[in-house]
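Below is model_32.csv, which holds CSV, C-alpha atoms.
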chain,number,residue,atom,x,y,z
A,1,GLN,CA,1.0,23.5,33.8
A,2,GLN,CA,1.4,19.8,33.3
A,3,GLN,CA,3.4,20.2,30.1
A,4,VAL,CA,7.0,19.4,29.5
A,5,LYS,CA,8.4,21.3,26.5
A,6,GLN,CA,11.2,19.6,24.7
A,7,SER,CA,13.5,21.0,22.0
A,8,PRO,CA,14.7,20.6,19.3
A,9,GLN,CA,12.2,18.3,17.6
A,10,SER,CA,15.1,16.9,15.5
A,11,LEU,CA,18.8,17.0,15.6
A,12,ILE,CA,21.5,16.0,13.2
A,13,VAL,CA,25.1,15.6,14.5
A,14,GLN,CA,28.3,14.3,13.1
A,15,LYS,CA,30.0,11.3,14.7
A,16,GLY,CA,32.1,12.5,17.6
A,17,GLY,CA,30.0,15.6,18.1
A,18,ILE,CA,28.0,16.7,21.1
A,19,SER,CA,24.2,16.3,21.1
A,20,ILE,CA,22.2,18.6,23.3
A,21,ILE,CA,18.5,18.3,24.1
A,22,ASN,CA,16.6,20.7,26.3
A,23,CYS,CA,13.5,20.5,28.4
A,24,ALA,CA,11.5,23.0,30.4
A,25,TYR,CA,8.6,22.5,32.8
A,26,GLU,CA,6.0,24.6,34.6
A,27,ASN,CA,4.8,22.4,37.4
A,28,THR,CA,6.9,23.0,40.5
A,29,ALA,CA,5.6,19.8,42.1
A,30,PHE,CA,7.7,17.8,39.6
A,31,ASP,CA,10.6,16.1,41.5
A,32,TYR,CA,11.8,13.3,39.3
A,33,PHE,CA,13.2,13.9,35.8
A,34,PRO,CA,14.1,10.8,33.8
A,35,TRP,CA,15.3,10.5,30.2
A,36,TYR,CA,14.2,7.7,27.9
A,37,GLN,CA,15.7,6.4,24.6
A,38,GLN,CA,13.5,4.8,22.0
A,39,PHE,CA,14.6,2.8,19.0
A,40,PRO,CA,12.1,2.0,16.1
A,41,GLY,CA,9.9,-0.9,17.0
A,42,LYS,CA,10.9,-0.8,20.7
A,43,GLY,CA,9.4,0.8,23.8
A,44,PRO,CA,11.1,3.6,25.6
A,45,ALA,CA,14.1,2.5,27.7
A,46,LEU,CA,15.2,4.4,30.7
A,47,LEU,CA,18.5,6.1,29.9
A,48,ILE,CA,19.4,8.2,32.9
A,49,ALA,CA,17.6,10.2,35.6
A,50,ILE,CA,18.3,13.0,38.0
A,51,ARG,CA,16.9,14.0,41.4
A,52,PRO,CA,16.1,17.7,41.9
A,53,ASP,CA,18.6,18.0,44.7
A,54,VAL,CA,21.4,17.3,42.2
A,55,SER,CA,22.5,19.7,39.5
A,56,GLU,CA,24.4,17.3,37.3
A,57,LYS,CA,24.8,13.6,36.7
A,58,LYS,CA,27.2,11.8,34.4
A,59,GLU,CA,26.9,8.2,33.1
A,60,GLY,CA,29.5,7.4,30.5
A,61,ARG,CA,29.0,9.7,27.5
A,62,PHE,CA,25.6,10.9,28.8
A,63,THR,CA,25.3,13.9,31.1
A,64,ILE,CA,22.1,15.4,32.5
A,65,SER,CA,21.9,18.8,34.1
A,66,PHE,CA,19.1,20.3,36.2
A,67,ASN,CA,18.4,24.0,36.9
A,68,LYS,CA,15.6,24.1,39.5
A,69,SER,CA,15.3,27.9,39.5
A,70,ALA,CA,14.9,28.1,35.7
A,71,LYS,CA,12.8,24.9,35.7
A,72,GLN,CA,14.9,23.4,33.0
A,73,PHE,CA,16.9,20.2,32.5
A,74,SER,CA,19.0,19.0,29.6
A,75,LEU,CA,20.7,15.9,28.2
A,76,HIS,CA,24.2,16.1,26.7
A,77,ILE,CA,25.6,13.2,24.6
A,78,MET,CA,29.3,13.5,24.3
A,79,ASP,CA,31.2,11.8,21.4
A,80,SER,CA,27.9,11.0,19.7
A,81,GLN,CA,27.9,7.7,17.8
A,82,PRO,CA,25.7,6.4,15.0
A,83,GLY,CA,24.3,3.8,17.4
A,84,ASP,CA,22.9,6.8,19.5
A,85,SER,CA,20.5,7.5,16.6
A,86,ALA,CA,17.1,7.2,18.3
A,87,THR,CA,14.3,9.3,19.7
A,88,TYR,CA,14.9,10.8,23.1
A,89,PHE,CA,12.2,11.8,25.5
A,90,CYS,CA,12.5,13.8,28.7
A,91,ALA,CA,9.9,13.3,31.3
A,92,ALA,CA,8.8,14.5,34.7
A,93,SER,CA,6.8,13.2,37.6
A,94,SER,CA,5.7,14.3,41.1
A,95,ALA,CA,5.6,12.2,44.2
A,96,GLY,CA,2.0,13.3,44.9
A,97,GLY,CA,-0.6,10.6,45.4
A,98,THR,CA,-2.5,11.5,42.2
A,99,SER,CA,0.6,10.8,40.1
A,100,TYR,CA,1.1,7.1,40.6
A,101,GLY,CA,2.5,5.6,37.4
A,102,LYS,CA,2.2,8.9,35.5
A,103,LEU,CA,5.1,10.4,33.7
A,104,THR,CA,4.6,13.6,31.7
A,105,PHE,CA,6.6,13.4,28.6
A,106,GLY,CA,8.2,15.9,26.3
A,107,GLN,CA,7.3,15.6,22.6
A,108,GLY,CA,10.6,13.8,21.8
A,109,THR,CA,13.8,14.6,19.8
A,110,ILE,CA,14.8,12.5,16.8
A,111,LEU,CA,18.6,12.3,16.9
A,112,THR,CA,20.5,11.3,13.8
A,113,VAL,CA,24.2,10.8,14.1
A,114,HIS,CA,26.0,10.7,10.8
A,115,PRO,CA,29.1,8.5,10.5
B,1,LYS,CA,15.3,-10.9,34.7
B,2,ALA,CA,12.6,-10.7,32.1
B,3,GLY,CA,11.3,-7.3,31.1
B,4,VAL,CA,7.8,-6.1,30.6
B,5,THR,CA,6.1,-8.4,28.1
B,6,GLN,CA,3.2,-7.3,26.0
B,7,THR,CA,1.0,-9.4,23.7
B,8,PRO,CA,0.2,-9.3,20.9
B,9,ARG,CA,2.8,-7.2,19.1
B,10,TYR,CA,0.5,-6.2,16.3
B,11,LEU,CA,-3.3,-6.0,15.9
B,12,ILE,CA,-5.5,-5.0,13.1
B,13,LYS,CA,-9.1,-4.2,13.9
B,14,THR,CA,-12.1,-2.6,12.3
B,15,ARG,CA,-14.0,0.4,13.5
B,16,GLY,CA,-16.6,-0.5,16.0
B,17,GLN,CA,-14.9,-3.6,17.3
B,18,GLN,CA,-13.3,-4.0,20.6
B,19,VAL,CA,-9.8,-5.1,21.5
B,20,THR,CA,-8.0,-6.5,24.6
B,21,LEU,CA,-4.2,-6.0,25.1
B,22,SER,CA,-2.2,-8.0,27.7
B,23,CYS,CA,0.8,-7.1,29.8
B,24,SER,CA,3.1,-9.0,32.2
B,25,PRO,CA,5.1,-6.8,34.4
B,26,ILE,CA,8.7,-7.3,35.6
B,27,SER,CA,8.8,-9.9,38.4
B,28,GLY,CA,8.3,-8.2,41.7
B,29,HIS,CA,6.7,-5.1,40.2
B,30,ARG,CA,3.2,-4.6,41.5
B,31,SER,CA,2.2,-1.4,39.6
B,32,VAL,CA,1.3,-1.4,35.9
B,33,SER,CA,0.7,1.7,33.8
B,34,TRP,CA,-0.6,2.0,30.3
B,35,TYR,CA,0.4,4.7,27.8
B,36,GLN,CA,-0.7,5.6,24.3
B,37,GLN,CA,1.9,6.7,21.8
B,38,THR,CA,1.0,8.5,18.6
B,39,PRO,CA,3.0,10.8,16.2
B,40,GLY,CA,0.7,13.7,16.9
B,41,GLN,CA,0.1,13.5,20.7
B,42,GLY,CA,3.3,11.8,21.8
B,43,LEU,CA,3.2,9.6,24.9
B,44,GLN,CA,0.1,10.0,26.9
B,45,PHE,CA,-0.8,8.3,30.2
B,46,LEU,CA,-3.9,6.2,30.2
B,47,PHE,CA,-4.2,4.7,33.7
B,48,GLU,CA,-2.3,2.9,36.5
B,49,TYR,CA,-3.2,-0.2,38.5
B,50,PHE,CA,-1.8,-1.5,41.8
B,51,SER,CA,-3.1,-4.5,43.8
B,52,GLU,CA,-6.0,-4.8,41.3
B,53,THR,CA,-7.2,-1.3,41.9
B,54,GLN,CA,-7.0,1.7,39.6
B,55,ARG,CA,-5.1,4.4,41.4
B,56,ASN,CA,-4.7,7.0,38.6
B,57,LYS,CA,-6.3,7.8,35.4
B,58,GLY,CA,-5.5,10.1,32.4
B,59,ASN,CA,-7.8,12.1,30.2
B,60,PHE,CA,-9.2,9.4,28.0
B,61,PRO,CA,-12.8,8.4,27.3
B,62,GLY,CA,-14.6,5.6,29.1
B,63,ARG,CA,-14.1,3.4,26.0
B,64,PHE,CA,-10.6,2.8,27.4
B,65,SER,CA,-10.6,0.5,30.4
B,66,GLY,CA,-8.2,-1.8,32.2
B,67,ARG,CA,-7.9,-4.3,35.0
B,68,GLN,CA,-5.2,-6.0,37.0
B,69,PHE,CA,-5.1,-9.5,38.2
B,70,SER,CA,-3.8,-10.9,41.5
B,71,ASN,CA,-0.5,-11.9,39.9
B,72,SER,CA,0.0,-8.2,38.8
B,73,ARG,CA,-0.7,-9.0,35.1
B,74,SER,CA,-2.8,-6.4,33.4
B,75,GLU,CA,-5.2,-6.1,30.5
B,76,MET,CA,-6.4,-3.1,28.7
B,77,ASN,CA,-9.6,-2.9,26.7
B,78,VAL,CA,-10.8,-0.5,24.1
B,79,SER,CA,-14.4,-0.7,23.0
B,80,THR,CA,-16.1,0.7,20.0
B,81,LEU,CA,-12.8,1.3,18.2
B,82,GLU,CA,-12.3,4.5,16.2
B,83,LEU,CA,-9.8,5.3,13.5
B,84,GLY,CA,-8.1,7.7,15.9
B,85,ASP,CA,-7.3,4.8,18.3
B,86,SER,CA,-4.6,3.6,16.0
B,87,ALA,CA,-1.5,3.9,18.1
B,88,LEU,CA,1.3,2.1,19.9
B,89,TYR,CA,0.0,1.0,23.3
B,90,LEU,CA,2.7,0.7,25.9
B,91,CYS,CA,2.6,-1.0,29.2
B,92,ALA,CA,5.0,-0.1,31.9
B,93,SER,CA,5.7,-1.4,35.4
B,94,SER,CA,7.3,-0.2,38.6
B,95,PHE,CA,7.5,-1.3,42.3
B,96,GLY,CA,4.4,0.6,43.2
B,97,GLY,CA,5.5,3.7,45.1
B,98,PRO,CA,5.6,7.1,43.6
B,99,LEU,CA,7.9,7.2,40.6
B,100,SER,CA,11.4,8.1,41.6
B,101,TYR,CA,15.1,7.6,41.1
B,102,ASN,CA,14.8,4.4,43.1
B,103,SER,CA,11.5,3.3,41.6
B,104,PRO,CA,11.6,4.1,37.9
B,105,LEU,CA,9.1,3.1,35.2
B,106,HIS,CA,10.1,0.3,32.8
B,107,PHE,CA,8.3,0.0,29.5
B,108,GLY,CA,7.5,-3.0,27.3
B,109,ASN,CA,7.8,-2.9,23.5
B,110,GLY,CA,4.2,-2.2,23.0
B,111,THR,CA,1.3,-3.4,20.9
B,112,ARG,CA,0.8,-1.7,17.6
B,113,LEU,CA,-2.9,-1.3,17.0
B,114,THR,CA,-4.2,-0.4,13.6
B,115,VAL,CA,-7.9,0.5,13.2
B,116,THR,CA,-9.3,0.4,9.7
Would you give me this structure, written as structure tokens?
Amino acid sequence: QQQVKQSPQSLIVQKGGISIINCAYENTAFDYFPWYQQFPGKGPALLIAIRPDVSEKKEGRFTISFNKSAKQFSLHIMDSQPGDSATYFCAASSAGGTSYGKLTFGQGTILTVHP
Amino acid sequence: KAGVTQTPRYLIKTRGQQVTLSCSPISGHRSVSWYQQTPGQGLQFLFEYFSETQRNKGNFPGRFSGRQFSNSRSEMNVSTLELGDSALYLCASSFGGPLSYNSPLHFGNGTRLTVT
């Protein structure tokens, strides 16, 4: 019940295309859904996050959407650029007292954007 | 504002030895969490400290331990190292309340531990 399932494992997109990464969860106590971007040799960096009372959030070329009834959320990268090539992780957390500091991560998606 | 700082960046140890990793959180952050990242298991939560107290713990054996100092700096210790402990160990910090849109988790660049 604590898992977050992420797909696809890897994704190859041409420059200018749209990259879509999907995540699904089981734990209905989750109420915070961030996305992280990780480049080789670096730690995960917070990319964008959404609250469960919001269905969509857009920041520049990055859009995240949230479907509470389906327990799914996704990341769309518009006009994908070679510099977007990285590993993307979805994550979830709950506000409960036993969840301090704990994010449950998806398995990650390796995105490659070809020039 | 400086980010989360971890030292050292790389470590090579032998099976059976022990190792200590250090972390300095973002200024003003009082919560420090530790994660293990491996290709097979992904990112897994180890434990979280706030005001020098462990508030949360993941499913790792007792060989993995940590502590936090009064200045919020934290250390993580792994005793009796095993080959399977080879991983990237990530430290992250936040203000201290439940993780949320207004209090996200910020990660350092990690310590790469290799056990031979």
Q.
Within 12 Å of (-8.4, 3.0, 17.6) in the file's own coordinates, which protein, DNA or RNA residues have an atom, counting all atoms listed in the file? List them as number ranges by chain.
A. B: 11-20, 36-38, 61, 63-64, 77-89, 112-116
Would you export the selected residues with C-alpha atoms as a compact mmCIF listing (two decimals), in the coordinates of the input, please?
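As a result, part.txt now contains:
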# COMPACT_ATOMS: atom_id res chain seq x y z
CA LEU B 11 -3.30 -6.00 15.90
CA ILE B 12 -5.50 -5.00 13.10
CA LYS B 13 -9.10 -4.20 13.90
CA THR B 14 -12.10 -2.60 12.30
CA ARG B 15 -14.00 0.40 13.50
CA GLY B 16 -16.60 -0.50 16.00
CA GLN B 17 -14.90 -3.60 17.30
CA GLN B 18 -13.30 -4.00 20.60
CA VAL B 19 -9.80 -5.10 21.50
CA THR B 20 -8.00 -6.50 24.60
CA GLN B 36 -0.70 5.60 24.30
CA GLN B 37 1.90 6.70 21.80
CA THR B 38 1.00 8.50 18.60
CA PRO B 61 -12.80 8.40 27.30
CA ARG B 63 -14.10 3.40 26.00
CA PHE B 64 -10.60 2.80 27.40
CA ASN B 77 -9.60 -2.90 26.70
CA VAL B 78 -10.80 -0.50 24.10
CA SER B 79 -14.40 -0.70 23.00
CA THR B 80 -16.10 0.70 20.00
CA LEU B 81 -12.80 1.30 18.20
CA GLU B 82 -12.30 4.50 16.20
CA LEU B 83 -9.80 5.30 13.50
CA GLY B 84 -8.10 7.70 15.90
CA ASP B 85 -7.30 4.80 18.30
CA SER B 86 -4.60 3.60 16.00
CA ALA B 87 -1.50 3.90 18.10
CA LEU B 88 1.30 2.10 19.90
CA TYR B 89 0.00 1.00 23.30
CA ARG B 112 0.80 -1.70 17.60
CA LEU B 113 -2.90 -1.30 17.00
CA THR B 114 -4.20 -0.40 13.60
CA VAL B 115 -7.90 0.50 13.20
CA THR B 116 -9.30 0.40 9.70
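The space between atom CA of Ser74 of chain A and atom CA of Gly101 of chain A spans 22.6 Å.
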Give as an mmCIF file with C-alpha atoms, in the coordinates of the input every residue of chain A that touches chain B within 8 Å, counting only C-alpha atoms.
data_model
loop_
_atom_site.group_PDB
_atom_site.id
_atom_site.type_symbol
_atom_site.label_atom_id
_atom_site.label_comp_id
_atom_site.auth_asym_id
_atom_site.auth_seq_id
_atom_site.Cartn_x
_atom_site.Cartn_y
_atom_site.Cartn_z
ATOM 1 C CA TYR A 32 11.800 13.300 39.300
ATOM 2 C CA GLY A 41 9.900 -0.900 17.000
ATOM 3 C CA LYS A 42 10.900 -0.800 20.700
ATOM 4 C CA GLY A 43 9.400 0.800 23.800
ATOM 5 C CA PRO A 44 11.100 3.600 25.600
ATOM 6 C CA ALA A 45 14.100 2.500 27.700
ATOM 7 C CA LEU A 46 15.200 4.400 30.700
ATOM 8 C CA ALA A 49 17.600 10.200 35.600
ATOM 9 C CA ILE A 50 18.300 13.000 38.000
ATOM 10 C CA ARG A 51 16.900 14.000 41.400
ATOM 11 C CA SER A 93 6.800 13.200 37.600
ATOM 12 C CA SER A 94 5.700 14.300 41.100
ATOM 13 C CA ALA A 95 5.600 12.200 44.200
ATOM 14 C CA GLY A 96 2.000 13.300 44.900
ATOM 15 C CA GLY A 97 -0.600 10.600 45.400
ATOM 16 C CA THR A 98 -2.500 11.500 42.200
ATOM 17 C CA SER A 99 0.600 10.800 40.100
ATOM 18 C CA TYR A 100 1.100 7.100 40.600
ATOM 19 C CA GLY A 101 2.500 5.600 37.400
ATOM 20 C CA LYS A 102 2.200 8.900 35.500
ATOM 21 C CA LEU A 103 5.100 10.400 33.700
ATOM 22 C CA THR A 104 4.600 13.600 31.700
ATOM 23 C CA PHE A 105 6.600 13.400 28.600
ATOM 24 C CA GLY A 106 8.200 15.900 26.300
ATOM 25 C CA GLN A 107 7.300 15.600 22.600
ATOM 26 C CA GLY A 108 10.600 13.800 21.800
#
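Taking atom CA of Ala2 of chain B and atom CA of Ile48 of chain A as endpoints, the distance between them is 20.1 Å.
Here atom CA of Phe89 of chain A and atom CA of Trp35 of chain A stand 5.8 Å from one another.
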